[in-house]
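Engineer: If you scroll down you'll find the structure; I have some questions about it.
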Amino acid sequence: MPRARLPRSLAGQLFAMQVLLVAVVVAGCALFTYVDGGRQAEQAARRQAQAAARAVADSPSVRTAIRGADPARDLQPYADAARRGTAVDFVTIMDTRGIRWTHPDPEQIGRRYLGHIDEARHGRTFPETYTGTLGPSVRVITPVRDGGRVVGLVSAGITVEKISAGVREQMAGLLWVAGGALVLGGAGTYVINARLRRHTHGMNAAELSRMHDYHHAALHAVREGLLMLDGRRGIALVNDAGRELLGLDADAVGRPVADLGLPAPLTGALLAAEPRVDELHLTERRVLLVNTSPVSGGDHRGSVVTLRDHTELQALMGELDSERGFTEALRAQAHEAANRLHTVVSLIGLGRAEEAVEFATAELELAQSLTDQVVAAVGEPVLAALLLGKTAQAHERGVALLVSADSGLDDGLLPPSLPARDLVTVLGNLIDNALDAAQGSALARVTVTARAEGELLLRVADSGTGVPDGDTEAIFRRGWSTKPAGSGGRGIGLVLVRQTVARHGGTLEVTAAADGGAAFTVRLPLGDAAGAGVRGGAARGGAG
């Protein structure tokens, strides 16, 4: 079965079309030059014949010979000399009736001139192309005047064959020039199309169009952000996910990366010449995983950047850390409960049942009072569960976690636009940071306030050492932490808090706490609200 013939590549099609175009242009120019050269040669021949005819007609010796008894005898030698001197094919002198006195062929002398002479007989010089004894020729006929009277006529001309021979000589040179132009044009076209073939990888127009459609569909279908930067570090291409993740406007294409207003670390990663692999970067509202790769080629022609949204993943990791803390706290509580249970059993075994009941009742009342205190202050179930878990975790770390007396948050008060996961992110990270700061301090206390007063207010205060003056803004940068290097989740908690607050149009305030540490106050709108900000005074250390 014969193989299907593949369509010619785009470069091949352009090469064939350009060669054909060059050939047509060169042939057209050659034809125009030939036609124009023939016309110009005919005009030059007519001027040359006119000059020769007028020179002969104005010669005094011609008028003298016409007056003589035998004009042909005297004029024939003169006409031959004039023909050779003026490089025309014939000079014919005749009387006013058209009877020749001279002719290149002596046998034609005395015979009638072949051509028109009426205008010349009336004193006018005129040109014509006529077929005479020498064949077709371009000729000029002019009168010979003697005292104002026409006494004879002179016809000088050049044969068409001679004119054509001159044009053919010019055409030979023209063909060489045209051939050279065609060769040069073809060679230049080949070089250009060879480069085009390299750039298009030998694909034809249909393949390029299909690839463009596939790439365009894939570009906008992927959920990851994709940016293509040119050699000048401007955005050459960005998909819909990339615009959303970076918060770019519709006119972002063509703008330099440095002018997009992105955070400095993220801008540096995008502008870096070396590849970046799975780097974590922060924007005002998102946590992004960034990968960059230079465009392959002989020189550096830009780079490709992929972006993945890790905001939710980071929040889930925070929740997972909290769950691990809860697990450890429950494990410690289980161990403590086993010790207490052994104590109760031992008291009963010693016959001291009343003391065993008293011991067990006291422990139960203590646990129940803590639960009642939290549930009474915070009716929202997710926050209540978070506070109970954090309370147990704080107890294991030797920190007292208290719910302030002015707290009050009923169940069902939070709008659907404020999901519980975001509240866990905000309050959980603030409490974790507060526990880090308060642990080991003199009071070792963290106070939590949660209430609704037209807006949701969450405040976490600790008894830590505070944040040095001037670091109020720095604590919200990724990587800032008082935890030792290598600690899990180092320097990300407050960044997530700030992003979450900003996403819901709230405010985050950092002030000094009454216990000597810092108080973080978050206000989130329960309805439509605008504007997010961070206001700060002196704050504590231990954020991380």
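Please note that chains go A, B, ... in the order of the structure tokens, that every chain numbers its residues from 1, and that ligands are numbered from 1 in the order shown.
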May I have the residues within 12 Å of A:Arg223 as a PyMOL selection string, using only C-alpha atoms and disregarding those fewer than 3 positions away in the same chain?

Structural biologist: chain A and resi 218-220+226+239-245+306-309

Engineer: Could you write those residues out with N, CA, C and O atoms, as a short mmCIF file (atom, residue, chain, number, x, y, z; two decimals), in the first residue's frame?

Structural biologist:
data_model
loop_
_atom_site.label_atom_id
_atom_site.label_comp_id
_atom_site.auth_asym_id
_atom_site.auth_seq_id
_atom_site.Cartn_x
_atom_site.Cartn_y
_atom_site.Cartn_z
N ALA A 218 -4.59 23.67 26.55
CA ALA A 218 -3.90 23.14 27.74
C ALA A 218 -3.50 24.28 28.68
O ALA A 218 -3.56 24.13 29.91
N LEU A 219 -3.09 25.39 28.11
CA LEU A 219 -2.65 26.52 28.93
C LEU A 219 -3.75 27.00 29.86
O LEU A 219 -3.52 27.30 31.03
N HIS A 220 -4.97 27.07 29.33
CA HIS A 220 -6.06 27.60 30.14
C HIS A 220 -6.82 26.51 30.90
O HIS A 220 -7.69 26.81 31.70
N LEU A 226 0.82 29.33 35.21
CA LEU A 226 1.92 29.20 34.26
C LEU A 226 2.26 30.58 33.71
O LEU A 226 1.39 31.29 33.21
N ASN A 239 -1.38 32.24 32.04
CA ASN A 239 -2.71 31.65 31.94
C ASN A 239 -3.63 32.20 33.01
O ASN A 239 -3.24 33.02 33.86
N ASP A 240 -4.88 31.73 32.99
CA ASP A 240 -5.88 32.28 33.90
C ASP A 240 -5.52 32.01 35.36
O ASP A 240 -5.68 32.88 36.22
N ALA A 241 -5.02 30.78 35.63
CA ALA A 241 -4.65 30.45 37.01
C ALA A 241 -3.50 31.33 37.48
O ALA A 241 -3.46 31.76 38.65
N GLY A 242 -2.53 31.61 36.59
CA GLY A 242 -1.41 32.48 36.97
C GLY A 242 -1.87 33.88 37.31
O GLY A 242 -1.38 34.50 38.27
N ARG A 243 -2.83 34.42 36.53
CA ARG A 243 -3.36 35.75 36.84
C ARG A 243 -4.02 35.76 38.22
O ARG A 243 -3.85 36.70 39.00
N GLU A 244 -4.79 34.70 38.50
CA GLU A 244 -5.50 34.66 39.78
C GLU A 244 -4.54 34.52 40.95
O GLU A 244 -4.69 35.21 41.97
N LEU A 245 -3.54 33.64 40.81
CA LEU A 245 -2.63 33.40 41.93
C LEU A 245 -1.78 34.63 42.25
O LEU A 245 -1.47 34.89 43.41
N THR A 306 6.11 27.91 36.94
CA THR A 306 4.86 27.28 37.36
C THR A 306 4.58 27.64 38.81
O THR A 306 5.50 27.75 39.62
N LEU A 307 3.31 27.84 39.10
CA LEU A 307 2.87 28.27 40.43
C LEU A 307 1.80 27.31 40.91
O LEU A 307 0.85 27.00 40.18
N ARG A 308 1.93 26.86 42.15
CA ARG A 308 0.91 26.03 42.77
C ARG A 308 0.45 26.69 44.07
O ARG A 308 1.27 27.17 44.85
N ASP A 309 -0.86 26.70 44.26
CA ASP A 309 -1.44 27.33 45.45
C ASP A 309 -1.35 26.36 46.62
O ASP A 309 -1.98 25.31 46.62
#

Engineer: Apply DSSP to the structure's backbone, then extract all residues of stretch 367-441 of chain A labelled strand (DSSP E or B) and return them as an MDAnalysis selection string.

Structural biologist: chainID A and resid 378 400:403 408:409

Engineer: Can you spit out the residues from that selection as a PDB file, in the first residue's frame, using N, CA, C and O atoms?

Structural biologist:
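Just written: result08.pdb:
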ATOM      1  N   VAL A 378     -17.879  30.291  74.862  1.00  0.00           N
ATOM      2  CA  VAL A 378     -17.820  30.159  73.400  1.00  0.00           C
ATOM      3  C   VAL A 378     -18.755  29.036  72.995  1.00  0.00           C
ATOM      4  O   VAL A 378     -18.443  27.848  73.159  1.00  0.00           O
ATOM      5  N   ALA A 400      -0.997  28.083  81.692  1.00  0.00           N
ATOM      6  CA  ALA A 400      -2.424  28.198  81.960  1.00  0.00           C
ATOM      7  C   ALA A 400      -3.098  28.936  80.825  1.00  0.00           C
ATOM      8  O   ALA A 400      -2.743  30.072  80.505  1.00  0.00           O
ATOM      9  N   LEU A 401      -4.052  28.284  80.146  1.00  0.00           N
ATOM     10  CA  LEU A 401      -4.800  28.928  79.070  1.00  0.00           C
ATOM     11  C   LEU A 401      -6.176  29.266  79.587  1.00  0.00           C
ATOM     12  O   LEU A 401      -6.948  28.372  79.986  1.00  0.00           O
ATOM     13  N   LEU A 402      -6.490  30.559  79.653  1.00  0.00           N
ATOM     14  CA  LEU A 402      -7.729  31.041  80.242  1.00  0.00           C
ATOM     15  C   LEU A 402      -8.604  31.680  79.181  1.00  0.00           C
ATOM     16  O   LEU A 402      -8.099  32.293  78.227  1.00  0.00           O
ATOM     17  N   VAL A 403      -9.904  31.545  79.347  1.00  0.00           N
ATOM     18  CA  VAL A 403     -10.876  32.258  78.522  1.00  0.00           C
ATOM     19  C   VAL A 403     -11.382  33.434  79.336  1.00  0.00           C
ATOM     20  O   VAL A 403     -11.869  33.257  80.466  1.00  0.00           O
ATOM     21  N   GLY A 408     -17.881  35.890  74.732  1.00  0.00           N
ATOM     22  CA  GLY A 408     -19.247  35.436  74.488  1.00  0.00           C
ATOM     23  C   GLY A 408     -19.491  35.302  73.002  1.00  0.00           C
ATOM     24  O   GLY A 408     -19.534  36.309  72.280  1.00  0.00           O
ATOM     25  N   LEU A 409     -19.615  34.077  72.540  1.00  0.00           N
ATOM     26  CA  LEU A 409     -19.808  33.836  71.114  1.00  0.00           C
ATOM     27  C   LEU A 409     -20.792  32.681  70.957  1.00  0.00           C
ATOM     28  O   LEU A 409     -20.457  31.532  71.215  1.00  0.00           O
TER      29      LEU A 409
END

Engineer: Excluding stretch 434-438 of chain A and its own-chain neighbours fewer than 5 positions away, which residues fall within 10 Å of it when counting only C-alpha atoms? Please give them as a PyMOL selection string.

Structural biologist: chain A and resi 390+393-394+397-401+428-429+443-448+460-467+482-483+515+517-520+540-544

Engineer: How about saving the chosen residues, N, CA, C and O atoms kept, as a short mmCIF file (atom, residue, chain, number, x, y, z; two decimals), in the first residue's frame?

Structural biologist:
data_model
loop_
_atom_site.label_atom_id
_atom_site.label_comp_id
_atom_site.auth_asym_id
_atom_site.auth_seq_id
_atom_site.Cartn_x
_atom_site.Cartn_y
_atom_site.Cartn_z
N LYS A 390 -6.59 23.04 72.99
CA LYS A 390 -5.43 23.87 73.28
C LYS A 390 -5.22 24.00 74.79
O LYS A 390 -4.08 24.13 75.27
N GLN A 393 -3.45 20.98 75.86
CA GLN A 393 -2.08 21.06 75.35
C GLN A 393 -1.27 22.05 76.19
O GLN A 393 -0.09 21.79 76.52
N ALA A 394 -1.88 23.18 76.56
CA ALA A 394 -1.18 24.18 77.39
C ALA A 394 -0.87 23.60 78.76
O ALA A 394 0.21 23.86 79.33
N ARG A 397 2.18 21.65 78.80
CA ARG A 397 3.38 22.47 78.65
C ARG A 397 3.62 23.38 79.83
O ARG A 397 4.53 24.23 79.81
N GLY A 398 2.76 23.28 80.86
CA GLY A 398 2.95 24.10 82.05
C GLY A 398 2.48 25.51 81.88
O GLY A 398 2.96 26.42 82.57
N VAL A 399 1.52 25.74 80.99
CA VAL A 399 0.98 27.08 80.74
C VAL A 399 -0.51 27.04 81.03
O VAL A 399 -1.22 26.09 80.64
N ALA A 400 -1.00 28.08 81.69
CA ALA A 400 -2.42 28.20 81.96
C ALA A 400 -3.10 28.94 80.82
O ALA A 400 -2.74 30.07 80.51
N LEU A 401 -4.05 28.28 80.15
CA LEU A 401 -4.80 28.93 79.07
C LEU A 401 -6.18 29.27 79.59
O LEU A 401 -6.95 28.37 79.99
N GLY A 428 -5.93 29.23 66.10
CA GLY A 428 -4.98 28.17 66.43
C GLY A 428 -3.55 28.65 66.35
O GLY A 428 -2.73 28.36 67.25
N ASN A 429 -3.18 29.39 65.29
CA ASN A 429 -1.81 29.88 65.16
C ASN A 429 -1.48 30.93 66.22
O ASN A 429 -0.36 30.96 66.74
N LEU A 443 4.58 34.14 84.86
CA LEU A 443 3.15 33.87 84.99
C LEU A 443 2.73 32.64 84.21
O LEU A 443 1.80 31.93 84.61
N ALA A 444 3.39 32.41 83.08
CA ALA A 444 3.07 31.27 82.20
C ALA A 444 1.57 31.21 81.95
O ALA A 444 0.90 30.23 82.25
N ARG A 445 1.06 32.30 81.34
CA ARG A 445 -0.39 32.39 81.17
C ARG A 445 -0.71 32.94 79.77
O ARG A 445 -0.05 33.85 79.27
N VAL A 446 -1.76 32.38 79.17
CA VAL A 446 -2.29 32.86 77.88
C VAL A 446 -3.77 33.09 78.08
O VAL A 446 -4.49 32.22 78.61
N THR A 447 -4.23 34.28 77.69
CA THR A 447 -5.64 34.65 77.85
C THR A 447 -6.27 34.82 76.47
O THR A 447 -5.74 35.57 75.63
N VAL A 448 -7.41 34.15 76.27
CA VAL A 448 -8.11 34.19 74.98
C VAL A 448 -9.44 34.89 75.18
O VAL A 448 -10.18 34.59 76.13
N VAL A 460 -5.72 37.23 71.65
CA VAL A 460 -4.86 36.27 72.35
C VAL A 460 -3.72 37.06 72.98
O VAL A 460 -2.95 37.73 72.27
N ALA A 461 -3.64 37.03 74.31
CA ALA A 461 -2.59 37.75 75.04
C ALA A 461 -1.77 36.74 75.83
O ALA A 461 -2.27 35.72 76.30
N ASP A 462 -0.46 37.03 75.94
CA ASP A 462 0.42 36.10 76.66
C ASP A 462 1.28 36.86 77.66
O ASP A 462 1.29 38.09 77.68
N SER A 463 1.99 36.11 78.45
CA SER A 463 2.86 36.69 79.47
C SER A 463 4.33 36.55 79.09
O SER A 463 5.20 36.46 79.95
N GLY A 464 4.59 36.53 77.78
CA GLY A 464 5.96 36.36 77.31
C GLY A 464 6.79 37.62 77.46
O GLY A 464 6.42 38.57 78.17
N THR A 465 7.91 37.66 76.75
CA THR A 465 8.86 38.78 76.87
C THR A 465 8.59 39.89 75.88
O THR A 465 9.19 40.96 75.99
N GLY A 466 7.72 39.66 74.92
CA GLY A 466 7.40 40.70 73.96
C GLY A 466 8.37 40.72 72.77
O GLY A 466 9.44 40.11 72.80
N VAL A 467 7.95 41.47 71.76
CA VAL A 467 8.76 41.61 70.55
C VAL A 467 9.52 42.93 70.63
O VAL A 467 8.96 43.94 71.05
N THR A 482 11.16 32.93 66.70
CA THR A 482 12.08 32.76 67.83
C THR A 482 12.34 31.29 68.09
O THR A 482 13.10 30.94 69.00
N LYS A 483 11.72 30.40 67.29
CA LYS A 483 11.99 28.97 67.43
C LYS A 483 13.38 28.67 66.92
O LYS A 483 13.89 29.36 66.03
N ASP A 515 -0.11 41.35 80.85
CA ASP A 515 0.79 40.45 81.55
C ASP A 515 2.25 40.63 81.13
O ASP A 515 3.11 39.83 81.52
N GLY A 517 3.51 40.58 77.97
CA GLY A 517 3.84 40.04 76.65
C GLY A 517 3.19 40.85 75.55
O GLY A 517 3.29 42.07 75.51
N ALA A 518 2.52 40.18 74.64
CA ALA A 518 1.88 40.85 73.51
C ALA A 518 0.46 40.36 73.38
O ALA A 518 0.13 39.24 73.78
N ALA A 519 -0.38 41.23 72.83
CA ALA A 519 -1.77 40.89 72.56
C ALA A 519 -2.04 41.06 71.07
O ALA A 519 -1.79 42.13 70.52
N PHE A 520 -2.52 39.99 70.44
CA PHE A 520 -2.89 40.03 69.03
C PHE A 520 -4.42 40.09 68.97
O PHE A 520 -5.10 39.18 69.47
N ARG A 540 5.33 41.00 71.25
CA ARG A 540 6.14 40.03 71.95
C ARG A 540 6.95 39.18 71.00
O ARG A 540 6.71 39.13 69.82
N GLY A 541 7.91 38.46 71.58
CA GLY A 541 8.64 37.47 70.82
C GLY A 541 7.94 36.14 70.90
O GLY A 541 7.00 35.95 71.61
N GLY A 542 8.49 35.19 70.21
CA GLY A 542 7.93 33.85 70.21
C GLY A 542 7.01 33.59 69.07
O GLY A 542 6.43 32.54 68.98
N ALA A 543 6.81 34.57 68.13
CA ALA A 543 5.97 34.30 66.98
C ALA A 543 6.68 33.34 66.08
O ALA A 543 7.85 33.41 65.88
N GLY A 544 5.96 32.50 65.45
CA GLY A 544 6.63 31.60 64.55
C GLY A 544 5.75 30.59 64.00
O GLY A 544 6.24 29.72 63.33
#

Engineer: Do you know which residues are at most 9 Å from stretch 29-44 of chain A counting only C-alpha atoms, after dropping those on the same chain fewer than 6 positions away, and could you put them as an mmCIF file with all heavy atoms, in the first residue's frame?

Structural biologist:
data_model
loop_
_atom_site.group_PDB
_atom_site.id
_atom_site.type_symbol
_atom_site.label_atom_id
_atom_site.label_comp_id
_atom_site.auth_asym_id
_atom_site.auth_seq_id
_atom_site.Cartn_x
_atom_site.Cartn_y
_atom_site.Cartn_z
ATOM 1 N N VAL A 138 12.780 51.717 -39.922
ATOM 2 C CA VAL A 138 12.333 52.955 -39.277
ATOM 3 C C VAL A 138 13.015 54.087 -40.017
ATOM 4 O O VAL A 138 14.252 54.147 -40.063
ATOM 5 C CB VAL A 138 12.704 52.961 -37.785
ATOM 6 C CG1 VAL A 138 12.320 54.292 -37.143
ATOM 7 C CG2 VAL A 138 12.027 51.812 -37.052
ATOM 8 N N VAL A 160 14.610 47.366 -39.289
ATOM 9 C CA VAL A 160 14.114 46.789 -38.052
ATOM 10 C C VAL A 160 14.999 45.630 -37.609
ATOM 11 O O VAL A 160 15.217 45.408 -36.409
ATOM 12 C CB VAL A 160 12.656 46.335 -38.227
ATOM 13 C CG1 VAL A 160 12.168 45.563 -36.999
ATOM 14 C CG2 VAL A 160 11.746 47.535 -38.489
ATOM 15 N N ILE A 163 17.830 47.032 -35.669
ATOM 16 C CA ILE A 163 17.382 47.462 -34.336
ATOM 17 C C ILE A 163 17.184 46.252 -33.433
ATOM 18 O O ILE A 163 17.595 46.231 -32.272
ATOM 19 C CB ILE A 163 16.086 48.283 -34.450
ATOM 20 C CG1 ILE A 163 16.339 49.576 -35.244
ATOM 21 C CG2 ILE A 163 15.527 48.606 -33.066
ATOM 22 C CD1 ILE A 163 15.083 50.373 -35.546
ATOM 23 N N SER A 164 16.545 45.197 -33.965
ATOM 24 C CA SER A 164 16.294 43.995 -33.171
ATOM 25 C C SER A 164 17.579 43.310 -32.758
ATOM 26 O O SER A 164 17.685 42.763 -31.654
ATOM 27 C CB SER A 164 15.415 43.023 -33.967
ATOM 28 O OG SER A 164 14.165 43.618 -34.270
ATOM 29 N N GLY A 166 20.386 44.769 -32.097
ATOM 30 C CA GLY A 166 20.916 45.523 -30.958
ATOM 31 C C GLY A 166 20.178 45.196 -29.668
ATOM 32 O O GLY A 166 20.786 45.064 -28.596
ATOM 33 N N VAL A 167 18.839 45.046 -29.781
ATOM 34 C CA VAL A 167 18.061 44.708 -28.591
ATOM 35 C C VAL A 167 18.430 43.311 -28.091
ATOM 36 O O VAL A 167 18.523 43.058 -26.884
ATOM 37 C CB VAL A 167 16.563 44.809 -28.901
ATOM 38 C CG1 VAL A 167 15.732 44.280 -27.725
ATOM 39 C CG2 VAL A 167 16.178 46.246 -29.199
ATOM 40 N N ARG A 168 18.654 42.386 -29.061
ATOM 41 C CA ARG A 168 19.023 41.029 -28.658
ATOM 42 C C ARG A 168 20.373 41.009 -27.957
ATOM 43 O O ARG A 168 20.569 40.244 -26.994
ATOM 44 C CB ARG A 168 19.049 40.103 -29.880
ATOM 45 C CG ARG A 168 17.664 39.714 -30.377
ATOM 46 C CD ARG A 168 17.755 38.566 -31.353
ATOM 47 N NE ARG A 168 18.460 38.947 -32.555
ATOM 48 C CZ ARG A 168 17.903 39.469 -33.642
ATOM 49 N NH1 ARG A 168 16.582 39.686 -33.659
ATOM 50 N NH2 ARG A 168 18.612 39.764 -34.705
ATOM 51 N N GLN A 170 21.524 43.431 -26.094
ATOM 52 C CA GLN A 170 21.241 43.918 -24.737
ATOM 53 C C GLN A 170 20.525 42.852 -23.908
ATOM 54 O O GLN A 170 20.758 42.710 -22.708
ATOM 55 C CB GLN A 170 20.383 45.181 -24.798
ATOM 56 C CG GLN A 170 21.083 46.360 -25.465
ATOM 57 C CD GLN A 170 20.176 47.572 -25.542
ATOM 58 O OE1 GLN A 170 19.040 47.528 -25.105
ATOM 59 N NE2 GLN A 170 20.679 48.654 -26.107
ATOM 60 N N MET A 171 19.651 42.103 -24.582
ATOM 61 C CA MET A 171 18.878 41.086 -23.873
ATOM 62 C C MET A 171 19.771 39.982 -23.337
ATOM 63 O O MET A 171 19.493 39.416 -22.273
ATOM 64 C CB MET A 171 17.824 40.498 -24.812
ATOM 65 C CG MET A 171 16.756 39.691 -24.096
ATOM 66 S SD MET A 171 15.843 40.707 -22.914
ATOM 67 C CE MET A 171 14.860 39.452 -22.113
ATOM 68 N N LEU A 174 21.014 41.210 -20.232
ATOM 69 C CA LEU A 174 19.912 41.261 -19.276
ATOM 70 C C LEU A 174 19.615 39.876 -18.716
ATOM 71 O O LEU A 174 19.329 39.723 -17.527
ATOM 72 C CB LEU A 174 18.680 41.843 -19.961
ATOM 73 C CG LEU A 174 17.402 41.876 -19.126
ATOM 74 C CD1 LEU A 174 17.582 42.787 -17.919
ATOM 75 C CD2 LEU A 174 16.225 42.346 -19.975
ATOM 76 N N LEU A 175 19.679 38.864 -19.567
ATOM 77 C CA LEU A 175 19.410 37.506 -19.102
ATOM 78 C C LEU A 175 20.439 37.060 -18.070
ATOM 79 O O LEU A 175 20.102 36.370 -17.101
ATOM 80 C CB LEU A 175 19.374 36.544 -20.284
ATOM 81 C CG LEU A 175 18.153 36.693 -21.210
ATOM 82 C CD1 LEU A 175 18.287 35.747 -22.403
ATOM 83 C CD2 LEU A 175 16.866 36.402 -20.444
ATOM 84 N N ALA A 178 19.440 38.826 -14.937
ATOM 85 C CA ALA A 178 18.235 38.215 -14.384
ATOM 86 C C ALA A 178 18.551 36.862 -13.759
ATOM 87 O O ALA A 178 18.027 36.514 -12.690
ATOM 88 C CB ALA A 178 17.169 38.076 -15.468
#

Engineer: For a test of reading the model, state the distance in Å between atom CA of A:Val253 and atom CA of A:Ile235, rounded to one decimal.

Structural biologist: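 Computing it gives 5.0 Å between the two atoms.
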
Engineer: Between A:Leu282, A:Ala27, A:Leu21, A:Leu288, single out the one closest to A:Val495, counting only C-alpha atoms.

Structural biologist: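 Between A:Leu282, A:Ala27, A:Leu21, A:Leu288, the residue approaching A:Val495 most closely is A:Leu282.
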
Engineer: Would you list the contacts of A:Gly152 as a PDB file with all heavy atoms, in the first residue's frame, taking every protein, DNA or RNA residue within 8 Å and counting only C-alpha atoms, but skipping same-chain residues closer than 6 positions in sequence?

Structural biologist:
ATOM      1  N   ILE A  66      21.302  68.864 -57.145  1.00  0.00           N
ATOM      2  CA  ILE A  66      19.925  68.761 -57.662  1.00  0.00           C
ATOM      3  C   ILE A  66      19.723  69.725 -58.818  1.00  0.00           C
ATOM      4  O   ILE A  66      19.000  69.425 -59.781  1.00  0.00           O
ATOM      5  CB  ILE A  66      18.934  69.028 -56.516  1.00  0.00           C
ATOM      6  CG1 ILE A  66      18.970  67.877 -55.503  1.00  0.00           C
ATOM      7  CG2 ILE A  66      17.499  69.208 -57.041  1.00  0.00           C
ATOM      8  CD1 ILE A  66      18.106  68.100 -54.284  1.00  0.00           C
ATOM      9  N   ILE A  93      18.022  59.907 -51.675  1.00  0.00           N
ATOM     10  CA  ILE A  93      17.671  61.255 -52.119  1.00  0.00           C
ATOM     11  C   ILE A  93      16.828  61.104 -53.387  1.00  0.00           C
ATOM     12  O   ILE A  93      17.175  60.331 -54.290  1.00  0.00           O
ATOM     13  CB  ILE A  93      18.928  62.093 -52.410  1.00  0.00           C
ATOM     14  CG1 ILE A  93      19.839  62.109 -51.157  1.00  0.00           C
ATOM     15  CG2 ILE A  93      18.551  63.526 -52.801  1.00  0.00           C
ATOM     16  CD1 ILE A  93      21.171  62.787 -51.402  1.00  0.00           C
ATOM     17  N   MET A  94      15.699  61.825 -53.431  1.00  0.00           N
ATOM     18  CA  MET A  94      14.759  61.667 -54.560  1.00  0.00           C
ATOM     19  C   MET A  94      14.191  63.014 -54.934  1.00  0.00           C
ATOM     20  O   MET A  94      14.312  63.993 -54.186  1.00  0.00           O
ATOM     21  CB  MET A  94      13.649  60.703 -54.152  1.00  0.00           C
ATOM     22  CG  MET A  94      12.743  61.249 -53.059  1.00  0.00           C
ATOM     23  SD  MET A  94      11.734  60.001 -52.266  1.00  0.00           S
ATOM     24  CE  MET A  94      12.880  59.460 -50.997  1.00  0.00           C
ATOM     25  N   ASP A  95      13.550  63.021 -56.102  1.00  0.00           N
ATOM     26  CA  ASP A  95      12.876  64.254 -56.500  1.00  0.00           C
ATOM     27  C   ASP A  95      11.517  64.310 -55.839  1.00  0.00           C
ATOM     28  O   ASP A  95      11.140  63.403 -55.088  1.00  0.00           O
ATOM     29  CB  ASP A  95      12.776  64.356 -58.031  1.00  0.00           C
ATOM     30  CG  ASP A  95      11.978  63.194 -58.641  1.00  0.00           C
ATOM     31  OD1 ASP A  95      11.215  62.535 -57.874  1.00  0.00           O
ATOM     32  OD2 ASP A  95      12.119  62.933 -59.838  1.00  0.00           O
ATOM     33  N   THR A  96      10.782  65.330 -56.091  1.00  0.00           N
ATOM     34  CA  THR A  96       9.500  65.528 -55.415  1.00  0.00           C
ATOM     35  C   THR A  96       8.448  64.538 -55.871  1.00  0.00           C
ATOM     36  O   THR A  96       7.398  64.414 -55.245  1.00  0.00           O
ATOM     37  CB  THR A  96       9.003  66.956 -55.638  1.00  0.00           C
ATOM     38  OG1 THR A  96       8.946  67.207 -57.064  1.00  0.00           O
ATOM     39  CG2 THR A  96       9.936  67.971 -54.990  1.00  0.00           C
ATOM     40  N   PRO A 143      12.115  67.340 -46.369  1.00  0.00           N
ATOM     41  CA  PRO A 143      12.254  68.043 -47.675  1.00  0.00           C
ATOM     42  C   PRO A 143      13.617  68.721 -47.817  1.00  0.00           C
ATOM     43  O   PRO A 143      14.249  69.082 -46.827  1.00  0.00           O
ATOM     44  CB  PRO A 143      11.133  69.065 -47.617  1.00  0.00           C
ATOM     45  CG  PRO A 143      10.941  69.360 -46.173  1.00  0.00           C
ATOM     46  CD  PRO A 143      11.220  68.073 -45.466  1.00  0.00           C
ATOM     47  N   VAL A 144      14.041  68.880 -49.060  1.00  0.00           N
ATOM     48  CA  VAL A 144      15.234  69.666 -49.402  1.00  0.00           C
ATOM     49  C   VAL A 144      14.740  70.981 -49.980  1.00  0.00           C
ATOM     50  O   VAL A 144      14.012  71.003 -50.981  1.00  0.00           O
ATOM     51  CB  VAL A 144      16.131  68.926 -50.410  1.00  0.00           C
ATOM     52  CG1 VAL A 144      17.353  69.788 -50.757  1.00  0.00           C
ATOM     53  CG2 VAL A 144      16.554  67.575 -49.866  1.00  0.00           C
ATOM     54  N   ARG A 145      15.090  72.086 -49.326  1.00  0.00           N
ATOM     55  CA  ARG A 145      14.593  73.400 -49.734  1.00  0.00           C
ATOM     56  C   ARG A 145      15.711  74.168 -50.450  1.00  0.00           C
ATOM     57  O   ARG A 145      16.864  74.119 -50.049  1.00  0.00           O
ATOM     58  CB  ARG A 145      14.115  74.187 -48.532  1.00  0.00           C
ATOM     59  CG  ARG A 145      12.972  73.510 -47.762  1.00  0.00           C
ATOM     60  CD  ARG A 145      12.609  74.323 -46.524  1.00  0.00           C
ATOM     61  NE  ARG A 145      11.570  73.671 -45.729  1.00  0.00           N
ATOM     62  CZ  ARG A 145      10.252  73.770 -45.936  1.00  0.00           C
ATOM     63  NH1 ARG A 145       9.849  74.534 -46.954  1.00  0.00           N
ATOM     64  NH2 ARG A 145       9.387  73.131 -45.186  1.00  0.00           N
TER      65      ARG A 145
END
